[in-house]
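K.L.:
Structure provided below as structure tokens; questions to follow.
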Amino acid sequence: MTLPVPSGADLLTRSLDVLRTHQERSERTLSLIPAENIMTPLARLPFLADLAARYMFDEHTDPAVGDWRFPAGKEAAWLETGLTVPLLRHLTGAATVNVRPLSGLHAMQMVLAGLGGPPGSTIACLAPGQGGHYATADIARQLGYTPVHLPGRGMHNLDTKELAGFLSKHRPSLVYVDQCHALTSLDVTPLADAIKYGGLPTVLHVDISHTLGLVLGGALPNPLACGADSLSASTHKSFPGPQKGIIATRTAATGQRITQIQPRAVSNHHFAAVAALGLSLAAFADRAGTYAQAVIANARMLGKELAHSGWSLAGSEFGYTRTHQLWVTHTPQPTARAAAARLYEAGLHVNWLTDLPVGPALRLGLAEATWLGLGAQDMRRLAQIMTAAADESVPLSELADRTAALRPGPGRRYPFAPRLEGDAARTAGAGVQAVLAEVTS
């Protein structure tokens with residue numbers, strides 16, 4: 001029996017209905033997932049514009065320079081060469097930045113391939129028990145390297161007494177500090193010093209995917225200023241940008257090593273995402289420090305309120321967190337998974353993970369909620385909603401309404417982004433209308 005194939009019009013109608021339903025739910029919920037954030041509406045505009053279909057290969061600040069074998073993106077090239085790249089260099093203090101990676105994991109692959117040395121070289125990274133990324137060692141092996149784990153002391157500290165001996169024994173070509181789960185950022189200064197004073201040709205790279213927004217805002221140390229040769233990050237976690245990846249280097253020579261492997265690592269680097277990143281950086285730059293401090297303050301306050309309500313959290317000895325993350329090790333529900341399911345019905349999206357250094361737990365993040373406009377004064381109400389959902393003391397439908405009421409309205413959204421006024425507002429409005437006219441025609 002042959003089943004009827006739906007028409008294209010029917011599929012489009014259903015697809016738009018799914019998008020509408022998702023969007024309507026998003027306006028009533030809060031994401032407390034530390035790996036997610038949201039862009040301002042203007043920063044999302046490039047994904048609807050014509051340049052979303054265009055290549056941009058010529059990395060010249062002057063569009064008149066270059067061969068432009070793919071010229072359709074030429075008039076928009078400034079969005080990469082004049083906006084995104086200069087802002088990133090300014091905020092990171094880097095000699096070079098590379099916006100070609102498609103994601104944080106893709107940036108990791110480019111760094112390993114570009115800075116890891118010849119096949120057979122040793123690459124040192126963090127153990128999962130210290131918050132190391134699950135994929136680093138496996139990707140290193142796939143690329144022909146030998147991975148080893150850095151000596152650790154507790155969840156967030158290297159064993160500084162062992163570093164010199166470790167480096168002398170393994171002589172890694174690359175040390176890749178891949179802190180994925182982090183309540184406090186790892187101090188890489190002793191590691192940089194050990195490499196320097198050991199006289200090794202080792203490259204030190206730090207992945208700050210989770211903490212990029214906090215580093216750019218000055219709330220956490222910049223690895224480049226601490227002696228790292230390079231850093232990489234995804235741009236959609238504590239930083240409120242598109243799903244993309246970046247690499248920044250302290251010297252032009254290190255950046256050139258990444259550029260050399262680029263043609264074999266990425267072709268289309270998604271020009272719309274680069275433009276969206278530039279717009280996100282412009283919206284972020286003026287109040288980066290205020291935002292970054294607010295994220296950490298909100299996370300610490302929520303941790304305190306949850307602890308007062310009977311939840312158990314890691315990191316109590318230092319105020320539960322020094323980043324945007326919180327790890328809840330015990331909830332009123334029997335498992336983290338069960339608690340996450342009830343929180344979802346209450347309009348709160350959270351991670352439940354089994355690979356945290358503390359074991360199965362909820363991993364919460366306050367970056368998106370802060371970017372939207374929640375402040376320290378909202379954390380008690382948020383903790384009350386979470387507690388009532390987990391201990392089943394209030395119907396979930398009622399808690400979902402409370403979450404929707406807690407979410408900031410249009411007047412409070414994105415309080416850390418600049419307000420467009422006068423000619424800037426009129427220009428932005430005209431640009432939006434031009435794109436929407438194409439979408440709805």
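FYI, nothing fancy with the structure tokens labels: chains A, B, ... in order, residues from 1 per chain, ligands from 1 as they appear.
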Give me, as a Markdown table, each residue of region 256-328 of chain A that comes within 10 Å of region 115-121 of chain A, together with its shortest interatomic pair and the distance in Å at one decimal, counting only C-alpha atoms, with rows ordered by chain and rising residue number.

P.N.:
| residue | atom | partner | partner_atom | distance |
| --- | --- | --- | --- | --- |
| A:Arg257 | CA | A:Leu115 | CA | 6.7 |
| A:Ile258 | CA | A:Leu115 | CA | 7.2 |
| A:Ile261 | CA | A:Leu115 | CA | 9.6 |

K.L.:
Write a file of the selected residues as an mmCIF file, in the first residue's frame, keeping N, CA and C atoms.

P.N.:
data_model
loop_
_atom_site.group_PDB
_atom_site.id
_atom_site.type_symbol
_atom_site.label_atom_id
_atom_site.label_comp_id
_atom_site.auth_asym_id
_atom_site.auth_seq_id
_atom_site.Cartn_x
_atom_site.Cartn_y
_atom_site.Cartn_z
ATOM 1 N N ARG A 257 49.670 29.728 11.531
ATOM 2 C CA ARG A 257 49.609 28.259 11.559
ATOM 3 C C ARG A 257 48.172 27.769 11.441
ATOM 4 N N ILE A 258 47.228 28.510 12.022
ATOM 5 C CA ILE A 258 45.818 28.159 11.870
ATOM 6 C C ILE A 258 45.365 28.434 10.438
ATOM 7 N N ILE A 261 46.103 25.697 7.711
ATOM 8 C CA ILE A 261 45.292 24.470 7.603
ATOM 9 C C ILE A 261 43.838 24.800 7.259
#

K.L.:
List every residue of region 101-250 of chain A that DSSP, applied to the backbone of this structure, places in strand (DSSP E), and write the result as a list of chain:residue names.

P.N.:
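In region 101-250 of chain A, DSSP puts these residues in strand (DSSP E): A:Thr122, A:Ile123, A:Ala124, A:Cys125, A:Thr146, A:Pro147, A:Val148, A:His149, A:Leu174, A:Val175, A:Tyr176, A:Val177, A:Val203, A:Leu204, A:His205, A:Val206, A:Asp207, A:Ser230, A:Leu231, A:Ser232, A:Ala233, A:Ser234, A:Gly245, A:Ile246, A:Ile247, A:Ala248, A:Thr249.
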
K.L.:
With N, CA and C atoms retained, could you export that selection as a short mmCIF file (atom, residue, chain, number, x, y, z; two decimals), in the first residue's frame?

P.N.:
data_model
loop_
_atom_site.label_atom_id
_atom_site.label_comp_id
_atom_site.auth_asym_id
_atom_site.auth_seq_id
_atom_site.Cartn_x
_atom_site.Cartn_y
_atom_site.Cartn_z
N THR A 122 52.58 14.43 21.15
CA THR A 122 51.77 14.32 22.35
C THR A 122 51.01 15.61 22.59
N ILE A 123 49.72 15.48 22.89
CA ILE A 123 48.87 16.62 23.22
C ILE A 123 48.32 16.40 24.63
N ALA A 124 48.51 17.39 25.49
CA ALA A 124 48.02 17.31 26.87
C ALA A 124 46.70 18.06 26.99
N CYS A 125 45.76 17.48 27.72
CA CYS A 125 44.45 18.11 27.93
C CYS A 125 43.96 17.77 29.33
N THR A 146 48.93 11.60 20.39
CA THR A 146 48.84 10.82 21.61
C THR A 146 48.38 11.74 22.75
N PRO A 147 47.16 11.57 23.23
CA PRO A 147 46.68 12.45 24.30
C PRO A 147 47.11 11.96 25.69
N VAL A 148 47.43 12.91 26.56
CA VAL A 148 47.71 12.63 27.97
C VAL A 148 46.97 13.67 28.80
N HIS A 149 46.64 13.33 30.03
CA HIS A 149 45.90 14.25 30.89
C HIS A 149 46.85 15.03 31.79
N LEU A 174 51.48 20.45 22.18
CA LEU A 174 50.35 21.34 22.44
C LEU A 174 49.72 20.97 23.78
N VAL A 175 49.47 21.97 24.59
CA VAL A 175 48.64 21.80 25.79
C VAL A 175 47.31 22.48 25.51
N TYR A 176 46.24 21.68 25.51
CA TYR A 176 44.90 22.17 25.18
C TYR A 176 44.05 22.14 26.45
N VAL A 177 43.85 23.30 27.05
CA VAL A 177 43.05 23.39 28.28
C VAL A 177 41.59 23.51 27.89
N VAL A 203 53.00 24.73 22.62
CA VAL A 203 51.99 25.77 22.44
C VAL A 203 50.91 25.59 23.50
N LEU A 204 50.53 26.68 24.16
CA LEU A 204 49.47 26.63 25.18
C LEU A 204 48.21 27.24 24.61
N HIS A 205 47.15 26.44 24.56
CA HIS A 205 45.86 26.89 24.03
C HIS A 205 44.78 26.70 25.09
N VAL A 206 43.87 27.66 25.20
CA VAL A 206 42.80 27.58 26.19
C VAL A 206 41.45 27.73 25.49
N ASP A 207 40.57 26.77 25.71
CA ASP A 207 39.21 26.80 25.15
C ASP A 207 38.29 27.44 26.19
N SER A 230 47.08 31.01 22.46
CA SER A 230 45.84 31.15 21.68
C SER A 230 44.66 30.74 22.54
N LEU A 231 43.49 31.14 22.09
CA LEU A 231 42.25 30.72 22.73
C LEU A 231 41.23 30.45 21.64
N SER A 232 40.22 29.68 21.99
CA SER A 232 39.09 29.44 21.08
C SER A 232 37.81 29.41 21.89
N ALA A 233 36.70 29.50 21.19
CA ALA A 233 35.42 29.50 21.90
C ALA A 233 34.28 29.31 20.91
N SER A 234 33.20 28.75 21.39
CA SER A 234 31.92 28.90 20.71
C SER A 234 31.35 30.24 21.16
N GLY A 245 32.03 29.51 15.96
CA GLY A 245 33.26 29.34 16.68
C GLY A 245 34.29 30.37 16.27
N ILE A 246 35.23 30.68 17.17
CA ILE A 246 36.30 31.63 16.89
C ILE A 246 37.62 31.09 17.43
N ILE A 247 38.72 31.60 16.88
CA ILE A 247 40.06 31.34 17.39
C ILE A 247 40.79 32.67 17.45
N ALA A 248 41.49 32.95 18.55
CA ALA A 248 42.27 34.18 18.69
C ALA A 248 43.68 33.80 19.13
N THR A 249 44.69 34.52 18.60
CA THR A 249 46.07 34.18 18.92
C THR A 249 46.81 35.41 19.44
#

K.L.:
Work out how far CA of Pro221 (chain A) is from CA of Ala127 (chain A), in Å to one decimal.

P.N.:
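Value for the CA of Ala127 (chain A)-CA of Pro221 (chain A) distance: 21.6 Å.
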
K.L.:
Quick check, in Å to one decimal: how far apart do CA of Arg426 (chain A) and CA of Arg89 (chain A) lie?

P.N.:
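Separation between CA of Arg426 (chain A) and CA of Arg89 (chain A): 29.4 Å.
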
K.L.:
Please determine, counting only C-alpha atoms, which residue among A:Leu19, A:Ala64, A:Leu277, A:Val295 has the shortest atom-to-atom distance to Thr84 (chain A).

P.N.:
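Distance minimum relative to Thr84 (chain A) lands on A:Leu277.
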
K.L.:
Can you pull out every residue from region 35-100 of chain A that DSSP, working from the backbone, puts in alpha helix (DSSP H), and format the result as a PyMOL selection string?

P.N.:
chain A and resi 41-44+78+85-92

K.L.:
What's the 12 Å shell around Thr290 (chain A), counting only C-alpha atoms, without same-chain residues fewer than 3 positions away, as a list of chain:residue names?

P.N.:
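Close residues of Thr290 (chain A): A:Gly213, A:Leu214, A:Leu216, A:Gly217, A:Gly218, A:Ala219, A:Phe284, A:Ala285, A:Asp286, A:Arg287, A:Gln293, A:Ala294, A:Val295, A:Ile296, A:Ala297, A:Thr370, A:Trp371, A:Gly375, A:Pro415, A:Phe416, A:Ala417.
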
K.L.:
Using only C-alpha atoms, pick whichever of A:Ala72, A:Val274, A:Ala9, A:Ala182 has the shortest atom-to-atom distance to Asn98 (chain A).

P.N.:
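Under the stated criterion, the closest residue is A:Val274.
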
K.L.:
Considering only C-alpha atoms, state which residue in the set A:Gln23, A:Thr235, A:Ser316, A:Thr13 is at the smallest distance from Gly104 (chain A).

P.N.:
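So, comparing all the options, the nearest one is A:Thr235.
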
K.L.:
Quick one: pull the distance between CA of His181 (chain A) and CA of Glu305 (chain A), Å, one decimal.

P.N.:
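If I compute the distance from CA of His181 (chain A) to CA of Glu305 (chain A), I get 21.7 Å.
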
K.L.:
So that I can check the surroundings of Leu48 (chain A), please list as a PyMOL selection string every protein, DNA and RNA residue that reaches within 10 Å of it, counting only C-alpha atoms and ignoring chain neighbours fewer than 4 positions away.

P.N.:
chain A and resi 44+52-53+272+432+435-436+438-439

K.L.:
May I have the residues from that selection written out with N, CA and C atoms, as a tab-separated table (two decimals), in the first residue's frame?

P.N.:
chain	number	residue	atom	x	y	z
A	44	ARG	N	19.84	38.72	14.78
A	44	ARG	CA	19.32	37.55	14.05
A	44	ARG	C	18.99	37.88	12.60
A	52	ALA	N	22.80	35.31	3.68
A	52	ALA	CA	22.79	33.96	4.24
A	52	ALA	C	23.08	32.91	3.17
A	53	ALA	N	22.94	33.28	1.90
A	53	ALA	CA	23.18	32.35	0.79
A	53	ALA	C	24.52	32.60	0.10
A	272	ALA	N	26.44	34.61	7.08
A	272	ALA	CA	25.37	35.20	7.90
A	272	ALA	C	25.69	35.08	9.38
A	432	VAL	N	15.08	46.14	8.50
A	432	VAL	CA	14.20	45.04	8.90
A	432	VAL	C	13.03	44.93	7.92
A	435	VAL	N	13.99	43.22	4.64
A	435	VAL	CA	14.15	41.77	4.73
A	435	VAL	C	12.80	41.09	4.89
A	436	LEU	N	11.94	41.64	5.74
A	436	LEU	CA	10.63	41.03	5.97
A	436	LEU	C	9.78	41.06	4.71
A	438	GLU	N	10.80	40.61	1.74
A	438	GLU	CA	11.23	39.46	0.92
A	438	GLU	C	10.67	38.17	1.50
A	439	VAL	N	10.65	38.06	2.81
A	439	VAL	CA	10.17	36.84	3.46
A	439	VAL	C	8.68	36.63	3.20

K.L.:
Measuring between only C-alpha atoms, which one of A:Gly289, A:Pro334, A:Gly255, A:Pro172 shows the shortest distance to Ala95 (chain A)?

P.N.:
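Counting only C-alpha atoms, the residue closest to Ala95 (chain A) is A:Gly255.
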
K.L.:
Just the residues within 7 Å of region 186-192 of chain A, please, counting only C-alpha atoms, with nothing from its chain fewer than 5 positions along; format it as a list of chain:residue names.

P.N.:
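The filter keeps A:His156, A:Asn157, A:Thr160, A:Leu204, A:Pro223, A:Cys226, A:Gly227, A:Ala228.
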
K.L.:
Quick one: write out the picked residues with all heavy atoms as a PDB file, in the first residue's frame?

P.N.:
ATOM      1  N   HIS A 156      39.107  21.964  40.027  1.00  0.00           N
ATOM      2  CA  HIS A 156      39.358  23.200  39.298  1.00  0.00           C
ATOM      3  C   HIS A 156      40.802  23.689  39.392  1.00  0.00           C
ATOM      4  O   HIS A 156      41.071  24.853  39.102  1.00  0.00           O
ATOM      5  CB  HIS A 156      38.417  24.302  39.805  1.00  0.00           C
ATOM      6  CG  HIS A 156      36.968  24.023  39.547  1.00  0.00           C
ATOM      7  ND1 HIS A 156      36.142  23.452  40.479  1.00  0.00           N
ATOM      8  CD2 HIS A 156      36.206  24.239  38.449  1.00  0.00           C
ATOM      9  CE1 HIS A 156      34.927  23.327  39.979  1.00  0.00           C
ATOM     10  NE2 HIS A 156      34.943  23.793  38.755  1.00  0.00           N
ATOM     11  N   ASN A 157      41.728  22.821  39.763  1.00  0.00           N
ATOM     12  CA  ASN A 157      43.107  23.255  39.941  1.00  0.00           C
ATOM     13  C   ASN A 157      44.073  22.247  39.337  1.00  0.00           C
ATOM     14  O   ASN A 157      43.880  21.023  39.458  1.00  0.00           O
ATOM     15  CB  ASN A 157      43.445  23.438  41.425  1.00  0.00           C
ATOM     16  CG  ASN A 157      42.626  24.532  42.073  1.00  0.00           C
ATOM     17  OD1 ASN A 157      42.827  25.710  41.791  1.00  0.00           O
ATOM     18  ND2 ASN A 157      41.689  24.144  42.927  1.00  0.00           N
ATOM     19  N   THR A 160      50.318  22.204  40.484  1.00  0.00           N
ATOM     20  CA  THR A 160      51.436  23.029  40.031  1.00  0.00           C
ATOM     21  C   THR A 160      52.796  22.420  40.382  1.00  0.00           C
ATOM     22  O   THR A 160      53.785  22.650  39.686  1.00  0.00           O
ATOM     23  CB  THR A 160      51.333  24.441  40.628  1.00  0.00           C
ATOM     24  OG1 THR A 160      51.249  24.342  42.053  1.00  0.00           O
ATOM     25  CG2 THR A 160      50.095  25.154  40.110  1.00  0.00           C
ATOM     26  N   LEU A 204      50.531  26.676  24.164  1.00  0.00           N
ATOM     27  CA  LEU A 204      49.472  26.627  25.178  1.00  0.00           C
ATOM     28  C   LEU A 204      48.206  27.245  24.608  1.00  0.00           C
ATOM     29  O   LEU A 204      48.188  28.420  24.225  1.00  0.00           O
ATOM     30  CB  LEU A 204      49.902  27.378  26.435  1.00  0.00           C
ATOM     31  CG  LEU A 204      48.840  27.535  27.538  1.00  0.00           C
ATOM     32  CD1 LEU A 204      48.307  26.181  27.991  1.00  0.00           C
ATOM     33  CD2 LEU A 204      49.402  28.313  28.720  1.00  0.00           C
ATOM     34  N   PRO A 223      42.909  34.456  28.969  1.00  0.00           N
ATOM     35  CA  PRO A 223      44.047  33.529  28.873  1.00  0.00           C
ATOM     36  C   PRO A 223      45.233  34.100  28.112  1.00  0.00           C
ATOM     37  O   PRO A 223      46.388  33.783  28.432  1.00  0.00           O
ATOM     38  CB  PRO A 223      43.447  32.326  28.135  1.00  0.00           C
ATOM     39  CG  PRO A 223      41.990  32.376  28.443  1.00  0.00           C
ATOM     40  CD  PRO A 223      41.656  33.836  28.501  1.00  0.00           C
ATOM     41  N   CYS A 226      47.339  35.922  30.319  1.00  0.00           N
ATOM     42  CA  CYS A 226      47.966  35.051  31.319  1.00  0.00           C
ATOM     43  C   CYS A 226      49.079  34.196  30.727  1.00  0.00           C
ATOM     44  O   CYS A 226      49.622  33.330  31.417  1.00  0.00           O
ATOM     45  CB  CYS A 226      46.911  34.148  31.954  1.00  0.00           C
ATOM     46  SG  CYS A 226      45.652  35.032  32.902  1.00  0.00           S
ATOM     47  N   GLY A 227      49.392  34.406  29.456  1.00  0.00           N
ATOM     48  CA  GLY A 227      50.503  33.684  28.852  1.00  0.00           C
ATOM     49  C   GLY A 227      50.131  32.640  27.834  1.00  0.00           C
ATOM     50  O   GLY A 227      51.017  32.015  27.240  1.00  0.00           O
ATOM     51  N   ALA A 228      48.835  32.397  27.597  1.00  0.00           N
ATOM     52  CA  ALA A 228      48.435  31.429  26.573  1.00  0.00           C
ATOM     53  C   ALA A 228      48.787  31.957  25.186  1.00  0.00           C
ATOM     54  O   ALA A 228      48.767  33.163  24.937  1.00  0.00           O
ATOM     55  CB  ALA A 228      46.946  31.133  26.664  1.00  0.00           C
TER      56      ALA A 228
END

K.L.:
Could you check which of A:Pro360, A:Gly373, A:Gly347, A:Gly422 is closest to Thr329 (chain A), using only C-alpha atoms?

P.N.:
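Smallest distance to Thr329 (chain A) is found for A:Pro360.
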
K.L.:
Rank A:Asp229, A:Leu126, A:Ala137, A:Met379 by their smallest atom-to-atom distance to Leu150 (chain A), using only C-alpha atoms, and report the top residue only.

P.N.:
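Comparing A:Asp229, A:Leu126, A:Ala137, A:Met379 against Leu150 (chain A), the winner is A:Leu126.
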
K.L.:
Residues within 9 Å of region 163-166 of chain A, please, as a compact mmCIF listing (two decimals) with C-alpha atoms, in the first residue's frame. Count only C-alpha atoms; anything in the same chain fewer than 5 positions from it doesn't count.

P.N.:
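See part.txt below for the written result:
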# COMPACT_ATOMS: atom_id res chain seq x y z
CA LEU A 150 47.35 17.18 32.80
CA PRO A 151 48.09 16.56 36.50
CA LEU A 158 46.21 21.92 38.27
CA ARG A 171 57.17 17.10 26.06
CA PRO A 190 51.45 28.58 36.36
CA LEU A 191 51.08 26.38 33.29
CA ALA A 194 56.17 26.12 33.50
CA ILE A 195 56.24 25.89 29.70
CA TYR A 197 60.86 28.22 32.08
CA GLY A 198 61.12 24.64 30.86

K.L.:
Using only C-alpha atoms, which protein or nucleic acid residues come within 10 Å of Trp78 (chain A)? Drop anything in the same chain fewer than 4 positions from it, and give the result as a ChimeraX atom specification.

P.N.:
/A:59-63,73-74,82-85,275
